[in-house]
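Q: If it helps, the file is called model.cif and holds mmCIF, C-alpha atoms and all ligand atoms:
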```cif
data_query
#
loop_
_atom_site.label_atom_id
_atom_site.label_comp_id
_atom_site.auth_asym_id
_atom_site.auth_seq_id
_atom_site.Cartn_x
_atom_site.Cartn_y
_atom_site.Cartn_z
CA MET A 1 0.00 0.00 0.00
CA ALA A 2 1.26 3.50 -0.82
CA PRO A 3 2.31 5.48 2.26
CA TYR A 4 0.12 8.31 3.54
CA ILE A 5 2.39 11.26 2.89
CA ALA A 6 2.16 14.87 1.63
CA THR A 7 4.62 17.67 0.98
CA THR A 8 3.70 21.35 0.77
CA SER A 9 5.47 24.68 0.81
CA ALA A 10 4.28 27.93 2.36
CA PRO A 11 5.38 31.55 2.02
CA VAL A 12 6.78 34.21 4.33
CA ASN A 13 4.57 37.26 4.96
CA ILE A 14 5.59 40.73 6.11
CA ALA A 15 2.98 42.87 7.82
CA CYS A 16 2.07 46.43 6.81
CA ILE A 17 -0.31 46.77 9.77
CA LYS A 18 1.47 45.04 12.64
CA TYR A 19 0.11 42.40 14.98
CA TRP A 20 1.51 43.22 18.43
CA GLY A 21 -0.30 42.06 21.54
CA LYS A 22 -2.47 39.10 22.56
CA ARG A 23 -5.76 39.07 24.42
CA ASP A 24 -5.46 35.27 24.84
CA THR A 25 -1.95 33.83 24.93
CA LYS A 26 -2.97 30.15 24.70
CA LEU A 27 -5.32 30.46 21.71
CA ILE A 28 -3.15 33.27 20.29
CA LEU A 29 -5.91 35.85 19.89
CA PRO A 30 -4.62 39.32 19.03
CA THR A 31 -5.48 42.70 20.50
CA ASN A 32 -5.78 44.18 16.98
CA SER A 33 -6.30 43.15 13.39
CA SER A 34 -3.29 43.13 11.06
CA LEU A 35 -2.54 42.99 7.34
CA SER A 36 0.40 41.64 5.37
CA VAL A 37 1.85 41.00 1.95
CA THR A 38 2.68 37.38 1.13
CA LEU A 39 6.12 37.06 -0.47
CA ASP A 40 6.98 34.86 -3.45
CA GLN A 41 7.88 31.27 -2.56
CA ASP A 42 10.25 31.16 -5.52
CA HIS A 43 12.62 33.09 -3.24
CA LEU A 44 11.62 32.38 0.39
CA ARG A 45 9.67 29.39 1.64
CA SER A 46 9.25 26.66 4.22
CA THR A 47 8.71 23.15 2.87
CA THR A 48 7.11 20.47 5.06
CA THR A 49 6.51 16.77 4.55
CA SER A 50 4.06 14.94 6.83
CA ARG A 51 3.56 11.20 6.93
CA ALA A 52 1.05 9.17 8.95
CA ASP A 53 1.80 5.52 9.63
CA SER A 54 0.26 2.99 11.98
CA ALA A 55 3.80 1.70 12.60
CA PHE A 56 5.11 5.04 13.95
CA GLU A 57 5.39 5.03 17.73
CA LYS A 58 4.95 8.75 18.39
CA ASP A 59 4.71 12.11 16.66
CA ARG A 60 8.18 13.33 15.69
CA LEU A 61 9.46 16.54 14.11
CA TRP A 62 12.68 17.53 12.32
CA LEU A 63 13.51 21.18 11.56
CA ASN A 64 16.24 21.70 8.98
CA GLY A 65 17.34 18.10 9.58
CA VAL A 66 17.57 18.33 13.38
CA GLU A 67 15.01 16.53 15.55
CA GLU A 68 13.06 18.86 17.85
CA ASP A 69 11.10 17.95 20.93
CA ILE A 70 7.30 18.22 20.55
CA LYS A 71 6.43 19.65 23.95
CA PRO A 72 3.11 18.33 25.29
CA GLY A 73 0.62 21.20 25.37
CA GLY A 74 3.01 23.39 23.35
CA ARG A 75 2.22 25.19 20.10
CA MET A 76 3.42 22.39 17.82
CA SER A 77 1.51 19.70 19.66
CA THR A 78 -1.65 21.88 19.67
CA CYS A 79 -1.49 22.30 15.88
CA ILE A 80 -0.97 18.58 15.27
CA ALA A 81 -3.81 17.67 17.66
CA GLU A 82 -6.16 20.18 16.02
CA MET A 83 -5.41 18.80 12.55
CA LYS A 84 -6.03 15.22 13.76
CA ARG A 85 -9.33 16.40 15.24
CA LEU A 86 -10.36 17.91 11.87
CA ARG A 87 -9.40 14.70 10.07
CA LYS A 88 -11.61 12.71 12.43
CA GLU A 89 -14.58 15.11 12.33
CA LEU A 90 -14.56 16.04 8.66
CA VAL A 91 -13.41 12.79 7.03
CA GLU A 92 -13.48 9.70 9.23
CA ASP A 93 -16.80 10.44 11.00
CA VAL A 94 -18.38 11.20 7.61
CA ASP A 95 -16.97 8.28 5.62
CA ALA A 96 -16.58 5.05 7.60
CA SER A 97 -14.38 3.57 4.87
CA ALA A 98 -11.75 6.34 5.20
CA PRO A 99 -8.55 5.11 6.88
CA ALA A 100 -8.28 6.18 10.53
CA LEU A 101 -5.24 8.40 9.92
CA SER A 102 -6.20 10.54 12.91
CA THR A 103 -5.18 7.65 15.17
CA PHE A 104 -1.74 7.20 13.54
CA ALA A 105 1.36 9.02 14.75
CA VAL A 106 2.94 11.46 12.28
CA HIS A 107 6.50 12.19 11.25
CA ILE A 108 7.04 15.75 10.09
CA ALA A 109 10.14 17.20 8.43
CA SER A 110 10.40 20.91 7.67
CA TYR A 111 13.05 22.90 5.84
CA ASN A 112 13.49 26.66 5.32
CA ASN A 113 15.29 27.71 2.15
CA PHE A 114 16.61 30.82 3.94
CA PRO A 115 19.28 30.63 6.65
CA THR A 116 18.15 31.17 10.25
CA ALA A 117 21.13 33.53 10.49
CA ALA A 118 19.40 35.86 8.02
CA GLY A 119 17.24 36.89 10.96
CA LEU A 120 14.00 36.34 9.04
CA ALA A 121 11.29 34.85 11.21
CA SER A 122 10.48 31.35 10.01
CA SER A 123 7.59 30.68 12.39
CA ALA A 124 4.97 32.15 10.04
CA SER A 125 5.96 30.16 6.94
CA GLY A 126 6.84 27.14 9.11
CA PHE A 127 3.47 26.80 10.87
CA ALA A 128 1.63 27.59 7.62
CA ALA A 129 3.55 24.81 5.83
CA LEU A 130 2.89 22.40 8.71
CA THR A 131 -0.85 23.12 8.65
CA ALA A 132 -1.05 22.92 4.85
CA SER A 133 0.90 19.65 4.70
CA LEU A 134 -1.31 17.97 7.33
CA ALA A 135 -4.40 19.27 5.48
CA ALA A 136 -3.09 17.64 2.29
CA LEU A 137 -2.12 14.43 4.11
CA TYR A 138 -5.58 14.21 5.70
CA ALA A 139 -7.41 15.27 2.48
CA LEU A 140 -9.32 17.89 4.47
CA PRO A 141 -12.05 19.71 2.54
CA CYS A 142 -11.07 23.01 4.23
CA PRO A 143 -10.64 26.48 2.77
CA PRO A 144 -7.51 28.42 3.83
CA THR A 145 -9.58 30.46 6.29
CA ALA A 146 -10.37 27.32 8.31
CA LEU A 147 -6.73 26.23 8.26
CA SER A 148 -5.67 29.71 9.34
CA LEU A 149 -7.50 29.17 12.65
CA ILE A 150 -5.09 26.33 13.37
CA ALA A 151 -1.88 27.90 12.02
CA ARG A 152 -2.71 30.90 14.26
CA GLN A 153 -2.31 28.68 17.31
CA GLY A 154 1.25 27.86 16.19
CA SER A 155 2.27 31.49 15.71
CA GLY A 156 -0.11 34.39 15.23
CA SER A 157 1.45 35.74 12.05
CA ALA A 158 1.37 32.23 10.50
CA CYS A 159 -2.38 32.50 9.89
CA ARG A 160 -1.69 35.12 7.20
CA SER A 161 0.64 32.76 5.27
CA LEU A 162 -2.28 30.47 4.29
CA TYR A 163 -3.16 32.95 1.52
CA GLY A 164 -1.21 34.62 -1.24
CA GLY A 165 -1.42 38.29 -2.09
CA PHE A 166 -2.68 40.81 0.44
CA VAL A 167 -4.03 39.23 3.59
CA ALA A 168 -5.85 40.52 6.66
CA TRP A 169 -6.04 38.76 10.01
CA ASN A 170 -9.34 39.80 11.58
CA ALA A 171 -8.79 40.08 15.32
CA GLY A 172 -12.32 38.82 16.05
CA THR A 173 -14.16 39.21 19.35
CA LEU A 174 -15.25 35.67 20.33
CA PRO A 175 -13.48 34.11 23.33
CA SER A 176 -13.31 30.85 21.33
CA GLY A 177 -11.25 32.56 18.62
CA LEU A 178 -13.44 31.13 15.87
CA ASP A 179 -13.72 34.56 14.24
CA SER A 180 -9.97 35.28 14.51
CA HIS A 181 -8.71 34.11 11.13
CA ALA A 182 -7.14 35.25 7.88
CA VAL A 183 -9.03 36.62 4.89
CA GLN A 184 -7.63 37.50 1.50
CA VAL A 185 -8.04 41.20 0.72
CA ALA A 186 -6.75 40.69 -2.84
CA PRO A 187 -4.82 37.93 -4.60
CA GLU A 188 -1.27 38.48 -5.86
CA THR A 189 -2.63 38.74 -9.43
CA HIS A 190 -4.55 41.88 -8.43
CA TRP A 191 -1.32 43.84 -7.85
CA PRO A 192 1.68 41.80 -9.02
CA ASP A 193 3.68 45.01 -9.38
CA ILE A 194 4.47 45.07 -5.64
CA HIS A 195 8.10 44.11 -5.12
CA ALA A 196 10.05 43.84 -1.87
CA LEU A 197 13.70 44.32 -0.95
CA ILE A 198 14.72 42.67 2.30
CA CYS A 199 17.78 44.36 3.80
CA VAL A 200 19.38 41.91 6.22
CA VAL A 201 20.97 44.06 8.92
CA SER A 202 23.82 42.70 11.04
CA ASP A 203 22.96 42.26 14.66
CA THR A 204 25.05 40.59 17.33
CA LYS A 205 22.89 41.17 20.38
CA LYS A 206 20.15 38.71 21.24
CA GLY A 207 16.84 40.45 20.71
CA THR A 208 13.58 40.13 22.65
CA SER A 209 11.31 37.51 21.06
CA SER A 210 7.99 38.68 19.60
CA THR A 211 6.09 36.44 21.98
CA SER A 212 7.56 37.83 25.20
CA GLY A 213 8.03 41.37 23.87
CA MET A 214 4.40 41.82 22.90
CA GLN A 215 3.14 40.56 26.26
CA ARG A 216 5.35 43.09 28.05
CA THR A 217 3.87 45.78 25.81
CA VAL A 218 0.31 44.65 26.63
CA GLU A 219 1.11 44.82 30.34
CA THR A 220 2.89 48.16 30.44
CA SER A 221 2.19 50.41 27.43
CA SER A 222 -0.65 52.92 27.50
CA LEU A 223 0.22 53.93 23.93
CA LEU A 224 -0.72 50.38 22.83
CA GLN A 225 -4.28 50.97 24.10
CA HIS A 226 -4.53 54.13 22.00
CA ARG A 227 -3.20 52.22 18.99
CA ILE A 228 -5.69 49.36 19.41
CA LYS A 229 -8.74 51.60 19.92
CA ASN A 230 -8.09 54.66 17.82
CA VAL A 231 -5.52 53.89 15.14
CA VAL A 232 -5.55 50.34 13.76
CA PRO A 233 -9.28 50.05 12.89
CA GLN A 234 -9.16 53.03 10.50
CA ARG A 235 -5.78 51.98 9.08
CA MET A 236 -7.13 48.51 8.27
CA LYS A 237 -9.92 50.11 6.23
CA ASP A 238 -7.64 52.65 4.57
CA ILE A 239 -4.91 50.21 3.55
CA SER A 240 -7.45 47.70 2.23
CA ALA A 241 -8.95 50.47 0.08
CA ALA A 242 -5.46 51.50 -1.10
CA ILE A 243 -4.71 47.90 -2.09
CA LEU A 244 -8.00 47.51 -3.96
CA ALA A 245 -7.32 50.82 -5.77
CA ARG A 246 -3.63 49.88 -6.35
CA ASP A 247 -2.76 53.24 -4.77
CA PHE A 248 0.91 52.81 -3.84
CA ASP A 249 1.31 56.33 -2.42
CA ARG A 250 -1.39 55.70 0.20
CA PHE A 251 -0.24 52.10 0.80
CA ALA A 252 3.28 53.40 1.49
CA GLU A 253 2.13 56.22 3.77
CA ILE A 254 0.12 53.82 5.97
CA THR A 255 2.75 51.05 5.96
CA MET A 256 5.54 53.37 7.17
CA ALA A 257 3.32 55.04 9.76
CA ASP A 258 2.30 51.68 11.16
CA SER A 259 5.85 50.34 11.33
CA ASN A 260 6.87 53.49 13.17
CA GLN A 261 3.96 53.21 15.60
CA PHE A 262 4.77 49.57 16.30
CA HIS A 263 8.34 50.55 17.22
CA ALA A 264 6.95 53.43 19.29
CA VAL A 265 4.84 51.03 21.38
CA ALA A 266 7.92 48.82 21.78
CA LEU A 267 9.74 51.90 23.13
CA ASP A 268 6.72 52.68 25.34
CA THR A 269 7.08 49.25 26.97
CA SER A 270 8.70 48.97 30.40
CA PRO A 271 11.56 48.19 30.26
CA PRO A 272 11.70 49.60 26.70
CA ILE A 273 12.34 47.34 23.73
CA PHE A 274 14.56 48.52 20.85
CA TYR A 275 14.28 46.42 17.72
CA MET A 276 15.76 48.87 15.24
CA ASN A 277 19.42 49.87 15.38
CA ASP A 278 21.47 52.69 13.82
CA VAL A 279 21.60 50.90 10.46
CA SER A 280 17.81 50.40 10.49
CA ARG A 281 17.33 54.11 11.18
CA ALA A 282 19.80 55.07 8.43
CA ILE A 283 17.71 53.04 5.95
CA ILE A 284 14.64 55.00 7.10
CA ALA A 285 16.49 58.27 6.47
CA VAL A 286 17.46 57.19 2.95
CA VAL A 287 13.93 56.00 2.03
CA GLU A 288 12.36 59.15 3.51
CA GLU A 289 14.70 61.32 1.41
CA TYR A 290 13.90 59.27 -1.70
CA ASN A 291 10.18 59.90 -1.04
CA ARG A 292 10.75 63.60 -0.27
CA VAL A 293 12.15 64.01 -3.79
CA ALA A 294 9.36 61.87 -5.30
CA LEU A 295 6.70 63.95 -3.53
CA LEU A 296 7.84 67.18 -5.23
CA PRO A 297 5.16 68.25 -7.74
CA GLU A 298 7.66 68.20 -10.62
CA ASN A 299 8.45 64.54 -9.85
CA GLY A 300 4.84 63.36 -9.75
CA GLY A 301 3.99 64.06 -6.09
CA LYS A 302 3.74 60.42 -4.97
CA ARG A 303 5.78 58.19 -2.66
CA LYS A 304 7.90 55.57 -4.41
CA ALA A 305 8.94 53.24 -1.57
CA ALA A 306 7.78 52.07 1.87
CA TYR A 307 9.93 50.66 4.67
CA THR A 308 8.69 48.36 7.39
CA TYR A 309 10.46 46.62 10.31
CA ASP A 310 9.38 43.63 12.42
CA ALA A 311 10.81 42.54 15.78
CA GLY A 312 14.42 42.98 14.65
CA PRO A 313 16.68 45.38 12.75
CA ASN A 314 16.01 44.11 9.19
CA ALA A 315 14.24 46.45 6.78
CA VAL A 316 11.73 45.36 4.18
CA ILE A 317 11.23 47.96 1.46
CA TYR A 318 8.05 47.62 -0.62
CA ALA A 319 7.95 49.40 -3.98
CA PRO A 320 6.46 49.12 -7.45
CA ALA A 321 8.74 46.99 -9.65
CA ALA A 322 9.78 49.97 -11.79
CA ASN A 323 11.42 51.69 -8.79
CA MET A 324 13.45 48.74 -7.56
CA LYS A 325 16.54 49.45 -9.66
CA GLU A 326 16.84 52.98 -8.25
CA ILE A 327 16.20 51.71 -4.74
CA ILE A 328 18.80 48.93 -4.88
CA SER A 329 21.40 51.32 -6.33
CA MET A 330 20.71 53.77 -3.52
CA ILE A 331 20.86 51.13 -0.76
CA VAL A 332 24.08 49.64 -2.16
CA ARG A 333 25.65 53.12 -2.18
CA TYR A 334 25.05 53.71 1.54
CA PHE A 335 25.44 50.07 2.59
CA PRO A 336 28.19 48.55 0.43
CA GLN A 337 27.73 44.84 -0.11
CA GLN A 338 30.41 42.25 0.63
CA ASP A 339 28.90 39.69 -1.72
CA ALA A 340 27.62 40.45 -5.22
CA PHE A 341 23.89 41.29 -5.24
CA LYS A 342 21.86 38.30 -6.41
CA ASP A 343 19.72 39.81 -9.11
CA PRO A 344 16.73 37.49 -9.61
CA PHE A 345 14.88 39.90 -11.90
CA GLY A 346 17.96 40.74 -14.03
CA LEU A 347 17.82 44.51 -13.35
CA PHE A 348 21.54 45.01 -13.55
CA GLY A 349 23.92 43.78 -16.25
CA ALA A 350 27.34 42.24 -15.78
CA ALA A 351 28.52 45.37 -13.94
CA GLY A 352 26.21 44.47 -11.01
CA ALA A 353 24.38 46.76 -8.62
CA GLY A 354 27.43 48.72 -7.50
CA THR A 355 27.06 52.05 -9.30
CA GLY A 356 25.49 53.78 -6.29
CA ALA A 357 23.53 56.24 -8.41
CA LEU A 358 21.06 58.58 -6.64
CA VAL A 359 18.00 60.21 -8.18
CA SER A 360 18.38 63.83 -9.21
CA GLY A 361 17.76 66.25 -6.32
CA PHE A 362 18.56 63.64 -3.60
CA ASN A 363 20.46 65.09 -0.62
CA ALA A 364 23.37 62.66 -0.35
CA ASP A 365 24.13 63.84 3.21
CA VAL A 366 21.07 62.21 4.81
CA ALA A 367 23.21 59.23 5.82
CA LYS A 368 26.89 58.30 5.97
CA ILE A 369 28.38 55.56 3.83
CA TRP A 370 28.47 52.53 6.15
CA GLU A 371 31.21 49.94 6.33
CA ALA A 372 30.72 46.89 4.11
CA GLY A 373 28.61 44.29 5.88
CA ALA A 374 26.44 46.71 7.93
CA VAL A 375 23.71 45.41 5.62
CA LYS A 376 24.96 41.87 5.12
CA GLY A 377 22.59 40.84 2.36
CA LEU A 378 19.80 42.00 0.07
CA ILE A 379 16.96 39.77 -1.09
CA HIS A 380 14.82 41.06 -3.95
CA THR A 381 11.41 39.41 -4.15
CA ARG A 382 7.78 40.28 -4.82
CA VAL A 383 4.21 39.52 -3.80
CA GLY A 384 3.37 35.83 -4.31
CA GLY A 385 0.84 33.07 -3.87
CA GLY A 386 -0.34 30.86 -1.03
CA PRO A 387 0.80 27.35 0.01
CA ARG A 388 1.54 24.82 -2.71
CA VAL A 389 1.14 21.06 -2.68
CA LEU A 390 4.37 19.57 -4.06
CA SER A 391 5.11 16.28 -5.79
CA SER A 392 6.53 13.21 -4.05
CA GLU A 393 9.91 14.05 -5.61
CA GLU A 394 10.19 16.94 -3.17
CA SER A 395 9.51 14.81 -0.11
CA LEU A 396 11.74 15.47 2.90
CA LEU A 397 11.04 12.03 4.40
CA GLY A 398 12.58 8.86 2.97
CA GLU A 399 11.05 5.39 2.54
CA ASN A 400 11.90 4.61 6.17
CA GLY A 401 9.91 7.61 7.43
CA LEU A 402 13.03 9.49 8.50
CA PRO A 403 14.50 12.69 6.99
CA SER A 404 16.15 11.86 3.66
C1 LIG B 501 6.33 42.17 14.60
O1 LIG B 501 3.56 35.89 15.04
O2 LIG B 501 5.99 35.86 15.71
O3 LIG B 501 6.24 40.34 13.06
O4 LIG B 501 2.10 34.85 17.85
O5 LIG B 501 3.82 35.00 19.64
O6 LIG B 501 4.26 33.60 17.60
P1 LIG B 501 3.57 34.83 18.17
O7 LIG B 501 4.23 36.11 17.48
P2 LIG B 501 4.63 36.37 15.96
O8 LIG B 501 4.65 37.97 15.97
C2 LIG B 501 4.85 38.72 14.80
C3 LIG B 501 5.02 40.15 15.15
C4 LIG B 501 5.46 41.06 14.00
C5 LIG B 501 4.26 41.74 13.35
C6 LIG B 501 3.43 40.92 12.38
O9 LIG B 501 3.94 39.98 11.73
O10 LIG B 501 2.25 41.27 12.25
#
```
As a first step, turn the structure in this file into structure tokens.
Ligand code: DP6

A:
Amino acid sequence: MAPYIATTSAPVNIACIKYWGKRDTKLILPTNSSLSVTLDQDHLRSTTTSRADSAFEKDRLWLNGVEEDIKPGGRMSTCIAEMKRLRKELVEDVDASAPALSTFAVHIASYNNFPTAAGLASSASGFAALTASLAALYALPCPPTALSLIARQGSGSACRSLYGGFVAWNAGTLPSGLDSHAVQVAPETHWPDIHALICVVSDTKKGTSSTSGMQRTVETSSLLQHRIKNVVPQRMKDISAAILARDFDRFAEITMADSNQFHAVALDTSPPIFYMNDVSRAIIAVVEEYNRVALLPENGGKRKAAYTYDAGPNAVIYAPAANMKEIISMIVRYFPQQDAFKDPFGLFGAAGAGTGALVSGFNADVAKIWEAGAVKGLIHTRVGGGPRVLSSEESLLGENGLPS
């Protein structure tokens, strides 16, 4: 008999309206709604293979080839248990001839195609890939919204990686969390012109994790209460409208304001949390100057780039595809690269991205030229689709049920 096995991949997402704060830490219910852009899996993805077998003794998990403990009652074990419950309720209880996969132990292997050292959070794509692979294994007749309820319990931001394109996570109000799930605002095909440049900023200090940082903010920041009540609800409406209208100027204005407010509530936490560093702030200065020039009436009067920062010093710069060449040239000028820029869209010829050109009218003194390596890598990507079911050739588990 063929083994019960499925492999899927899931994307990274980067929020424009930030999730920061939980009203229920076990179910992972947020204090505010959030909205993100799903990034293209051709560049960044988590791949997960799940296999159910009556011969397996217990659930086991390997991350990037290394076996991890599945802590009883922890996030991973909750997600696996919830997916087994859905298999039982939606398949086995409905069709008595369906194999009782919900009673079998599972082996799960997951792999990120981006190095952990890049400082990109892998929990969102990782839990989305886990949920999607178990859904495929169990042949669940579930839309992404239903799966997002489960991925959310692995890591809040993971619920947004069940969809491609532009995705909202509705905070919901029910104590059960059943209305706290992802919805697609628009698919990637609606606005494929949105590109992203991830600037990987060097950081030696150990940062505060999102999970513990946001709880400290909930407990101590009065600014967070203002943000939840008076700021985010309107921003969710405004950015959704900007996305539907493909209005980049408005999208950029809201995205940058929300990143800055998120870092302001981190600073308003006691003791304060600093996620950005001097390099992060220098990137803000450069993008703000680029937009100052773009906003001049003679240059069209619209913003051309938007920065956003999560719980670390890395910048993500969103921009329409046509602006990316200027933006990369500008970033490379201020933050010289040690390794040649990988140019997935072929913007630069053999000479590479090293010319350092600035747009006319740009005040070059807004930042100093940093030492090589201050920004240790640049990843150029774009908006992309939701999880994919992959062929058996891409399986991460061998015949013996162990990582291959
Ligand atoms: C700053 O989803 O990593 O990236 O739910 O505790 O796992 P947990 O937190 P996580 O927090 C992400 C915070 C953020 C903003 C965002 O992605 O919306």

Q: Quick one: residues within 8 Å of ligand LIG 501 (chain B), with all atoms listed in the file, as a tab-separated table (two decimals) with C-alpha atoms, in the frame of the given file?

A:
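Contents of the output file out.tsv:
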```tsv
chain	number	residue	atom	x	y	z
A	13	ASN	CA	4.57	37.26	4.96
A	14	ILE	CA	5.59	40.73	6.11
A	15	ALA	CA	2.98	42.87	7.82
A	16	CYS	CA	2.07	46.43	6.81
A	17	ILE	CA	-0.31	46.77	9.77
A	18	LYS	CA	1.47	45.04	12.64
A	19	TYR	CA	0.11	42.40	14.98
A	20	TRP	CA	1.51	43.22	18.43
A	22	LYS	CA	-2.47	39.10	22.56
A	25	THR	CA	-1.95	33.83	24.93
A	28	ILE	CA	-3.15	33.27	20.29
A	34	SER	CA	-3.29	43.13	11.06
A	35	LEU	CA	-2.54	42.99	7.34
A	36	SER	CA	0.40	41.64	5.37
A	121	ALA	CA	11.29	34.85	11.21
A	123	SER	CA	7.59	30.68	12.39
A	124	ALA	CA	4.97	32.15	10.04
A	152	ARG	CA	-2.71	30.90	14.26
A	153	GLN	CA	-2.31	28.68	17.31
A	154	GLY	CA	1.25	27.86	16.19
A	155	SER	CA	2.27	31.49	15.71
A	156	GLY	CA	-0.11	34.39	15.23
A	157	SER	CA	1.45	35.74	12.05
A	158	ALA	CA	1.37	32.23	10.50
A	209	SER	CA	11.31	37.51	21.06
A	210	SER	CA	7.99	38.68	19.60
A	211	THR	CA	6.09	36.44	21.98
A	212	SER	CA	7.56	37.83	25.20
A	214	MET	CA	4.40	41.82	22.90
A	262	PHE	CA	4.77	49.57	16.30
A	309	TYR	CA	10.46	46.62	10.31
A	310	ASP	CA	9.38	43.63	12.42
A	311	ALA	CA	10.81	42.54	15.78
```

Q: Taking (29.5, 49.1, 3.7) in the file's coordinates as the center, which residues reach within 10 Å of it, counting only C-alpha atoms, put as a list of chain:residue names?

A: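 Output of the proximity query reads A:Ile331, A:Val332, A:Arg333, A:Tyr334, A:Phe335, A:Pro336, A:Gln337, A:Gln338, A:Lys368, A:Ile369, A:Trp370, A:Glu371, A:Ala372, A:Gly373, A:Ala374, A:Val375, A:Lys376.
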
Q: Within 7 Å of A:Asn291, counting only C-alpha atoms, which residues show up once you throw out same-chain ones fewer than 5 positions away? Write them as an MDAnalysis selection string, please.

A: chainID A and resid 303:305

Q: Pick out the residues sitting within 8 Å of A:Pro313, and hand them over as a ChimeraX atom specification; count all atoms listed in the file, and ignore anything fewer than 5 positions along from it in its own chain.

A: /A:200-203,275-277,279-280

Q: Check the smallest atom-to-atom distance from each of A:Leu90, A:Cys142, A:Met236, A:Ile108 to A:Asn64 using all atoms listed in the file, then report the winner.

A: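 Residue with the minimum atom-to-atom distance to A:Asn64: A:Ile108.
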
Q: Pick out the closest residue to A:Asp193 from this set: A:Asp93, A:Glu219, A:Asp238, A:Asp247. Count only C-alpha atoms.

A: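 Of all the options, A:Asp247 lies closest to A:Asp193.
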